[in-house]
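**Q** Here you go, this is protein23.csv (CSV, C-alpha atoms).
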chain,number,residue,atom,x,y,z
A,1,MET,CA,69.6,32.0,36.5
A,2,SER,CA,68.9,33.0,40.0
A,3,ASP,CA,65.5,32.5,41.7
A,4,ARG,CA,65.0,36.3,41.3
A,5,GLU,CA,65.6,36.1,37.6
A,6,ALA,CA,63.4,32.9,36.9
A,7,PRO,CA,60.2,33.8,35.0
A,8,PHE,CA,57.1,33.6,37.0
A,9,PHE,CA,53.5,33.9,35.6
A,10,ILE,CA,50.9,36.0,37.3
A,11,GLY,CA,47.4,35.9,35.8
A,12,TRP,CA,46.9,39.7,35.9
A,13,ALA,CA,50.3,40.6,34.5
A,14,ALA,CA,51.9,40.1,31.1
A,15,MET,CA,53.4,36.7,30.4
A,16,PRO,CA,57.2,36.8,30.9
A,17,PRO,CA,59.1,36.2,27.6
A,18,GLY,CA,60.7,33.1,29.0
A,19,LEU,CA,57.4,31.3,29.4
A,20,ARG,CA,55.8,32.1,26.1
A,21,TRP,CA,57.5,29.3,24.1
A,22,PHE,CA,56.8,26.8,26.9
A,23,MET,CA,53.1,27.7,27.2
A,24,GLY,CA,52.8,27.7,23.4
A,25,GLY,CA,54.2,24.2,23.3
A,26,ILE,CA,51.7,23.0,25.9
A,27,ALA,CA,48.8,24.6,24.0
A,28,LEU,CA,49.9,23.0,20.7
A,29,GLY,CA,50.3,19.6,22.4
A,30,LEU,CA,46.8,19.8,23.8
A,31,ILE,CA,45.3,20.7,20.4
A,32,LEU,CA,47.1,17.8,18.7
A,33,PHE,CA,46.1,15.4,21.5
A,34,LEU,CA,42.4,16.4,21.3
A,35,ALA,CA,42.5,16.2,17.4
A,36,GLY,CA,43.9,12.7,17.7
A,37,ILE,CA,41.1,11.6,20.0
A,38,ALA,CA,38.5,13.1,17.7
A,39,TYR,CA,40.1,11.3,14.7
A,40,VAL,CA,40.2,7.9,16.4
A,41,THR,CA,36.7,8.3,17.7
A,42,ALA,CA,35.3,9.1,14.2
A,43,ALA,CA,37.3,6.4,12.5
A,44,THR,CA,35.9,3.7,14.8
A,45,GLN,CA,32.2,4.6,14.2
A,46,ASP,CA,30.0,2.5,11.9
A,47,ASP,CA,29.7,3.6,8.4
A,48,PRO,CA,26.5,5.7,8.3
A,49,GLY,CA,25.8,4.5,4.7
A,50,GLN,CA,25.4,6.3,1.4
A,51,GLY,CA,21.6,6.8,1.6
A,52,ALA,CA,20.1,10.2,1.0
A,53,PHE,CA,17.4,12.1,-0.8
A,54,VAL,CA,18.4,11.7,-4.4
A,55,GLY,CA,16.1,14.0,-6.3
A,56,ARG,CA,12.5,14.0,-7.7
A,57,ALA,CA,11.2,10.7,-9.1
A,58,ASN,CA,8.1,9.4,-10.7
A,59,ALA,CA,6.7,5.9,-11.2
A,60,THR,CA,3.6,4.0,-12.2
A,61,GLY,CA,2.7,0.8,-10.6
A,62,ILE,CA,0.4,-1.4,-8.5
A,63,LEU,CA,-0.3,-0.3,-5.0
A,64,GLN,CA,-0.2,-2.8,-2.2
A,65,ALA,CA,-1.8,-1.3,0.9
A,66,GLU,CA,-1.0,-4.0,3.5
A,67,PRO,CA,0.9,-4.3,5.7
A,68,TYR,CA,2.2,-0.9,4.8
A,69,PRO,CA,1.8,0.9,1.4
A,70,ILE,CA,4.3,-0.1,-1.2
A,71,LEU,CA,4.4,0.3,-5.0
A,72,HIS,CA,5.3,-2.5,-7.4
A,73,VAL,CA,6.8,-0.5,-10.3
A,74,THR,CA,5.4,-1.2,-13.8
A,75,GLU,CA,6.7,1.9,-15.6
A,76,SER,CA,9.4,4.4,-14.5
A,77,ALA,CA,12.4,6.2,-15.8
A,78,ASP,CA,13.8,6.4,-12.2
A,79,PHE,CA,13.2,2.8,-10.9
A,80,ALA,CA,13.8,-0.6,-12.2
A,81,LEU,CA,10.7,-2.4,-13.5
A,82,GLY,CA,9.4,-4.9,-11.0
A,83,SER,CA,11.1,-3.2,-8.1
A,84,ALA,CA,9.1,-2.4,-4.9
A,85,LEU,CA,9.1,1.0,-3.2
A,86,LEU,CA,8.3,1.9,0.3
A,87,LEU,CA,5.8,4.8,0.3
A,88,THR,CA,6.0,7.5,3.0
A,89,GLY,CA,4.6,11.0,3.6
A,90,GLY,CA,6.5,14.1,4.7
A,91,GLY,CA,8.2,14.1,8.1
A,92,LYS,CA,7.3,11.2,10.3
A,93,ARG,CA,4.1,10.3,8.6
A,94,GLY,CA,2.9,7.3,6.7
A,95,VAL,CA,0.5,7.3,3.8
A,96,GLN,CA,-2.0,4.6,5.0
A,97,GLY,CA,-4.9,7.1,4.8
A,98,ARG,CA,-4.1,8.1,1.2
A,99,ALA,CA,-3.6,4.4,0.2
A,100,ALA,CA,-6.9,3.3,1.6
A,101,GLY,CA,-9.2,2.0,-1.1
A,102,LEU,CA,-6.4,1.7,-3.6
A,103,ASP,CA,-5.1,-1.7,-2.8
A,104,GLY,CA,-4.4,-3.5,-6.1
A,105,ALA,CA,-5.0,-0.3,-8.2
A,106,LEU,CA,-2.8,1.1,-10.8
A,107,VAL,CA,-1.5,4.4,-9.6
A,108,ALA,CA,1.0,7.1,-10.5
A,109,VAL,CA,3.3,8.4,-7.8
A,110,SER,CA,5.7,11.3,-7.5
A,111,GLY,CA,8.0,12.6,-4.8
A,112,ALA,CA,11.4,12.7,-3.3
A,113,ARG,CA,13.4,9.5,-3.9
A,114,ILE,CA,15.3,8.0,-1.0
A,115,ALA,CA,17.7,5.1,-1.7
A,116,ARG,CA,20.3,3.1,0.2
A,117,GLY,CA,21.7,-0.1,-1.0
A,118,ASP,CA,18.9,-2.6,-1.8
A,119,ILE,CA,16.2,-0.5,-0.2
A,120,ALA,CA,14.3,2.3,-2.0
A,121,ALA,CA,11.5,4.6,-0.8
A,122,LEU,CA,9.5,7.5,-2.1
A,123,GLN,CA,8.3,10.4,0.0
A,124,LEU,CA,5.1,11.3,-1.8
A,125,ARG,CA,4.2,14.9,-2.8
A,126,GLY,CA,0.9,16.2,-1.4
A,127,GLY,CA,-2.4,15.6,-3.1
A,128,GLU,CA,-3.0,13.9,-6.5
A,129,ALA,CA,0.4,15.2,-7.6
A,130,GLY,CA,1.9,12.6,-5.3
A,131,LEU,CA,-0.6,9.7,-5.6
A,132,LYS,CA,-3.2,9.4,-8.2
A,133,ALA,CA,-5.3,6.4,-9.3
A,134,LEU,CA,-5.3,5.7,-13.0
A,135,GLU,CA,-7.9,4.3,-15.4
A,136,GLN,CA,-7.0,0.6,-16.0
A,137,ALA,CA,-8.0,-2.6,-17.6
A,138,ALA,CA,-7.8,-5.8,-15.6
A,139,ILE,CA,-4.4,-6.0,-14.0
A,140,THR,CA,-2.6,-8.8,-12.2
A,141,PRO,CA,-0.9,-8.0,-8.9
A,142,PRO,CA,2.6,-9.5,-8.3
A,143,ALA,CA,2.6,-13.1,-7.3
A,144,VAL,CA,3.1,-14.0,-3.7
A,145,GLN,CA,5.7,-16.6,-3.1
A,146,ASP,CA,5.8,-18.4,0.3
A,147,LEU,CA,9.4,-19.0,1.4
A,148,GLY,CA,8.6,-20.8,4.7
A,149,ARG,CA,9.3,-20.0,8.3
A,150,TRP,CA,12.7,-18.3,9.0
A,151,ARG,CA,14.7,-17.3,12.1
A,152,ILE,CA,16.6,-14.1,11.5
A,153,SER,CA,18.8,-11.8,13.5
A,154,GLY,CA,19.2,-8.2,12.8
A,155,GLU,CA,17.9,-4.7,13.7
A,156,ILE,CA,14.4,-3.2,13.4
A,157,CYS,CA,14.5,0.2,11.8
A,158,ASP,CA,12.0,2.6,10.3
A,159,GLY,CA,12.1,2.3,6.5
A,160,LYS,CA,12.3,6.0,5.8
A,161,CYS,CA,15.3,6.9,8.0
A,162,TYR,CA,17.2,3.7,7.2
A,163,ALA,CA,16.7,4.3,3.5
A,164,GLY,CA,18.6,7.6,3.8
A,165,ALA,CA,16.3,10.3,5.3
A,166,MET,CA,18.6,10.3,8.3
A,167,ARG,CA,22.2,9.1,8.6
A,168,PRO,CA,23.0,6.6,10.0
A,169,GLY,CA,19.2,6.0,10.6
A,170,ARG,CA,19.9,3.0,12.8
A,171,GLY,CA,21.3,2.0,16.1
A,172,LEU,CA,20.3,2.8,19.7
A,173,ALA,CA,21.0,6.5,19.3
A,174,HIS,CA,18.3,6.6,16.6
A,175,LYS,CA,15.7,4.6,18.6
A,176,ALA,CA,13.5,7.5,19.7
A,177,CYS,CA,13.4,9.0,16.2
A,178,ALA,CA,12.7,5.6,14.7
A,179,ASN,CA,9.8,4.9,17.2
A,180,LEU,CA,8.2,8.3,16.4
A,181,CYS,CA,8.4,7.4,12.7
A,182,LEU,CA,6.9,4.0,13.2
A,183,ILE,CA,4.1,5.4,15.4
A,184,GLY,CA,3.4,7.9,12.6
A,185,GLY,CA,3.0,5.1,10.1
A,186,ILE,CA,6.4,4.8,8.4
A,187,PRO,CA,6.9,1.1,7.3
A,188,PRO,CA,9.2,-0.9,9.7
A,189,VAL,CA,12.0,-3.0,8.2
A,190,LEU,CA,14.2,-5.7,9.6
A,191,VAL,CA,17.8,-5.2,8.5
A,192,ALA,CA,19.4,-8.6,8.7
A,193,THR,CA,22.9,-9.0,10.0
A,194,ASP,CA,23.8,-11.0,6.8
A,195,LYS,CA,22.0,-11.3,3.5
A,196,ILE,CA,19.7,-14.3,3.4
A,197,ASP,CA,18.8,-15.7,0.0
A,198,GLY,CA,20.2,-12.5,-1.4
A,199,THR,CA,17.9,-10.3,0.8
A,200,GLU,CA,19.2,-7.8,3.3
A,201,PHE,CA,16.0,-6.2,4.5
A,202,PHE,CA,12.5,-7.4,5.1
A,203,LEU,CA,9.2,-5.4,5.4
A,204,LEU,CA,7.7,-6.4,8.8
A,205,ALA,CA,4.1,-7.5,9.2
A,206,GLY,CA,2.0,-9.0,11.9
A,207,PRO,CA,1.0,-12.7,11.9
A,208,ASP,CA,-2.1,-11.9,9.9
A,209,GLY,CA,-0.2,-9.8,7.3
A,210,GLY,CA,-1.4,-6.5,8.8
A,211,PRO,CA,0.6,-3.7,10.6
A,212,VAL,CA,2.9,-4.8,13.4
A,213,THR,CA,4.0,-1.4,14.9
A,214,ASP,CA,2.8,-1.8,18.5
A,215,GLN,CA,4.5,-5.1,19.0
A,216,ILE,CA,8.0,-4.0,18.0
A,217,LEU,CA,8.6,-0.5,19.5
A,218,ASP,CA,10.5,-1.8,22.6
A,219,HIS,CA,12.9,-3.7,20.3
A,220,VAL,CA,13.8,-1.0,17.8
A,221,GLY,CA,17.5,-0.1,17.4
A,222,LEU,CA,18.7,-3.2,19.2
A,223,LEU,CA,20.3,-6.4,18.0
A,224,ILE,CA,17.4,-8.9,18.0
A,225,GLU,CA,16.3,-12.3,16.9
A,226,LEU,CA,12.9,-13.3,15.6
A,227,GLU,CA,11.0,-15.9,13.7
A,228,GLY,CA,8.2,-15.6,11.1
A,229,GLN,CA,6.8,-16.6,7.8
A,230,VAL,CA,8.6,-15.0,4.9
A,231,GLN,CA,6.8,-14.2,1.7
A,232,ARG,CA,8.1,-12.5,-1.5
A,233,HIS,CA,5.6,-10.0,-2.9
A,234,GLY,CA,7.1,-9.2,-6.3
A,235,GLY,CA,10.3,-7.4,-5.5
A,236,MET,CA,9.6,-7.0,-1.7
A,237,ALA,CA,10.4,-9.6,1.0
A,238,VAL,CA,7.7,-9.5,3.7
A,239,LEU,CA,8.3,-11.1,7.1
A,240,ARG,CA,5.1,-12.0,9.1
A,241,LEU,CA,6.5,-11.7,12.6
A,242,ASP,CA,5.7,-14.1,15.4
A,243,PRO,CA,5.8,-11.6,18.3
A,244,GLU,CA,6.4,-14.4,20.9
A,245,THR,CA,9.8,-15.2,19.3
A,246,LEU,CA,11.1,-11.6,19.4
A,247,LYS,CA,14.0,-11.3,21.8
A,248,VAL,CA,17.1,-9.1,22.3
A,249,ILE,CA,20.5,-10.8,21.7
A,250,PRO,CA,22.8,-10.2,24.7
Represent the structure of the file as structure tokens.
**A**
Amino acid sequence: MSDREAPFFIGWAAMPPGLRWFMGGIALGLILFLAGIAYVTAATQDDPGQGAFVGRANATGILQAEPYPILHVTESADFALGSALLLTGGGKRGVQGRAAGLDGALVAVSGARIARGDIAALQLRGGEAGLKALEQAAITPPAVQDLGRWRISGEICDGKCYAGAMRPGRGLAHKACANLCLIGGIPPVLVATDKIDGTEFFLLAGPDGGPVTDQILDHVGLLIELEGQVQRHGGMAVLRLDPETLKVIP
């Protein structure tokens, strides 16, 4: 083919027939190349977990208000007896105000169940439909077992998103969302790098057993190490954090 007969593409003119197959091959190659990059990128990401809202649930149990509201289940068709549920409000709000004055009381709760692995939470409905004190005889709260001082590595997350309200609900990309949840009163949890004594996550508390939110915000979403006194409150492991030991693992 002479130079005069060789196909030549001009943007404002129709594509010469001789170039159509060549350009089609280039376009197909780019599509396959980009699809391959997308697949490899997705395949190398951490598993976001199976957590999610899993329908309406109800339970009766003993309310523990500190360090953050949790329910020790005594009767439920949706949760195992003796299990402990993190209680949250809608959005990025905790339920400390609603739980005030009900510490140790027998209550009925209803809301949206959130579950992921060993962690379970309940997003309460509004008003008495979500949280209501019940008439009760003398009732014994779950025994507190002191497990001693532990050093643990892991990641601090907000208990609602990690349980499944968001996916993956952890990691540096989720830090801003997690901090807003924690500031709003959502219970903070430490997700350990490995199970310790059969426990993967710990509800975090301050050295005095109260809330610890302000001391942990800078360390959320990072691989960290900390020390503290561990107690088992019924079905919930609570770690009383020593803030001076909190450090980021390089």
**Q** Please identify all polymer residues within 12 Å of Cys181 (chain A), counting all atoms listed in the file, omitting same-chain residues fewer than 4 positions from it, and present them as JSON, numbers by chain.
**A** {"A": [88, 89, 90, 91, 92, 93, 94, 95, 157, 158, 159, 160, 161, 162, 165, 166, 169, 174, 175, 176, 177, 185, 186, 187, 188, 189, 213, 217, 220]}
**Q** Of the candidates A:Leu134, A:Ala57, A:Ile156, A:Leu203, which shows the shortest atom-to-atom distance to Ile70 (chain A), using all atoms listed in the file?
**A**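 Among A:Leu134, A:Ala57, A:Ile156, A:Leu203, it is A:Leu203 that comes nearest to Ile70 (chain A).
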**Q** Tell me which protein, DNA and RNA residues are within 10 Å of Leu85 (chain A), counting all atoms listed in the file, leaving out same-chain ones fewer than 6 positions away, and put them as a short mmCIF file (atom, residue, chain, number, x, y, z; two decimals) with C-alpha atoms, keeping the file's coordinate frame.
**A**
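The resulting part.cif:
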data_model
loop_
_atom_site.label_atom_id
_atom_site.label_comp_id
_atom_site.auth_asym_id
_atom_site.auth_seq_id
_atom_site.Cartn_x
_atom_site.Cartn_y
_atom_site.Cartn_z
CA ALA A 59 6.70 5.90 -11.20
CA GLY A 61 2.70 0.80 -10.60
CA LEU A 63 -0.30 -0.30 -5.00
CA PRO A 69 1.80 0.90 1.40
CA ILE A 70 4.30 -0.10 -1.20
CA LEU A 71 4.40 0.30 -5.00
CA HIS A 72 5.30 -2.50 -7.40
CA VAL A 73 6.80 -0.50 -10.30
CA PHE A 79 13.20 2.80 -10.90
CA ARG A 113 13.40 9.50 -3.90
CA ILE A 114 15.30 8.00 -1.00
CA ALA A 115 17.70 5.10 -1.70
CA ILE A 119 16.20 -0.50 -0.20
CA ALA A 120 14.30 2.30 -2.00
CA ALA A 121 11.50 4.60 -0.80
CA LEU A 122 9.50 7.50 -2.10
CA GLN A 123 8.30 10.40 0.00
CA GLY A 235 10.30 -7.40 -5.50
CA MET A 236 9.60 -7.00 -1.70
#
**Q** Which of these residues is nearest to Glu244 (chain A), using all atoms listed in the file: A:Leu226, A:Met23, A:Val40, A:Ala35?
**A**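 Ranking A:Leu226, A:Met23, A:Val40, A:Ala35 by distance to Glu244 (chain A), first place goes to A:Leu226.
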**Q** Counting all atoms listed in the file, which of A:Ala14, A:Leu34, A:Leu204, A:Ile62 gets nearest to Ala143 (chain A)?
**A**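 Using all atoms listed in the file, Ala143 (chain A) sits closest to A:Ile62.
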**Q** Between CA of Ser83 (chain A) and CA of Thr199 (chain A), what is the distance in Å, rounded to a tenth?
**A**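 Answer for the CA of Ser83 (chain A) to CA of Thr199 (chain A) separation: 13.3 Å.
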**Q** Between A:Leu28, A:Leu81, A:Ile224, A:Leu87, which has the minimum distance to Gly154 (chain A) (counting only C-alpha atoms)?
**A** A:Ile224
**Q** Could you check which of A:Ala133, A:Leu124, A:Leu246, A:Val54 is closest to Glu155 (chain A), using only C-alpha atoms?
**A**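 Once distances to Glu155 (chain A) are computed over only C-alpha atoms, the minimum belongs to A:Leu246.
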**Q** A:Leu182, A:Val191, A:Val238, A:Ala80: which is nearest Leu223 (chain A), counting all atoms listed in the file?
**A**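 Going through A:Leu182, A:Val191, A:Val238, A:Ala80 one by one, the smallest distance to Leu223 (chain A) is for A:Val191.
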**Q** When you draw a straight line from CA of Thr74 (chain A) to CA of Gly55 (chain A), how long is it in Å?
**A**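 Computed distance, CA of Thr74 (chain A) to CA of Gly55 (chain A), equals 20.0 Å.
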**Q** What does the distance from CA of Arg151 (chain A) to CA of Gly228 (chain A) come to in Å, to one decimal?
**A** 6.8 Å
**Q** Provide an axis-aligned box for all listed atoms of region 229-248 of chain A, padding each side by 3 Å; report its centre and its edge lengths in Å to one decimal, as AutoDock Vina command-line options.
**A**
--center_x 11.1 --center_y -11.8 --center_z 8.0 --size_x 18.0 --size_y 15.6 --size_z 34.6
**Q** Pick out the residues sitting within 12 Å of Glu227 (chain A), and hand them over as a CSV table (one decimal) with C-alpha atoms, in the coordinates of the input; count only C-alpha atoms, and ignore anything fewer than 3 positions along from it in its own chain.
**A**
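Generated output (part11.csv):
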chain,number,residue,atom,x,y,z
A,148,GLY,CA,8.6,-20.8,4.7
A,149,ARG,CA,9.3,-20.0,8.3
A,150,TRP,CA,12.7,-18.3,9.0
A,151,ARG,CA,14.7,-17.3,12.1
A,152,ILE,CA,16.6,-14.1,11.5
A,153,SER,CA,18.8,-11.8,13.5
A,154,GLY,CA,19.2,-8.2,12.8
A,190,LEU,CA,14.2,-5.7,9.6
A,204,LEU,CA,7.7,-6.4,8.8
A,205,ALA,CA,4.1,-7.5,9.2
A,206,GLY,CA,2.0,-9.0,11.9
A,207,PRO,CA,1.0,-12.7,11.9
A,224,ILE,CA,17.4,-8.9,18.0
A,230,VAL,CA,8.6,-15.0,4.9
A,239,LEU,CA,8.3,-11.1,7.1
A,240,ARG,CA,5.1,-12.0,9.1
A,241,LEU,CA,6.5,-11.7,12.6
A,242,ASP,CA,5.7,-14.1,15.4
A,243,PRO,CA,5.8,-11.6,18.3
A,244,GLU,CA,6.4,-14.4,20.9
A,245,THR,CA,9.8,-15.2,19.3
A,246,LEU,CA,11.1,-11.6,19.4
A,247,LYS,CA,14.0,-11.3,21.8
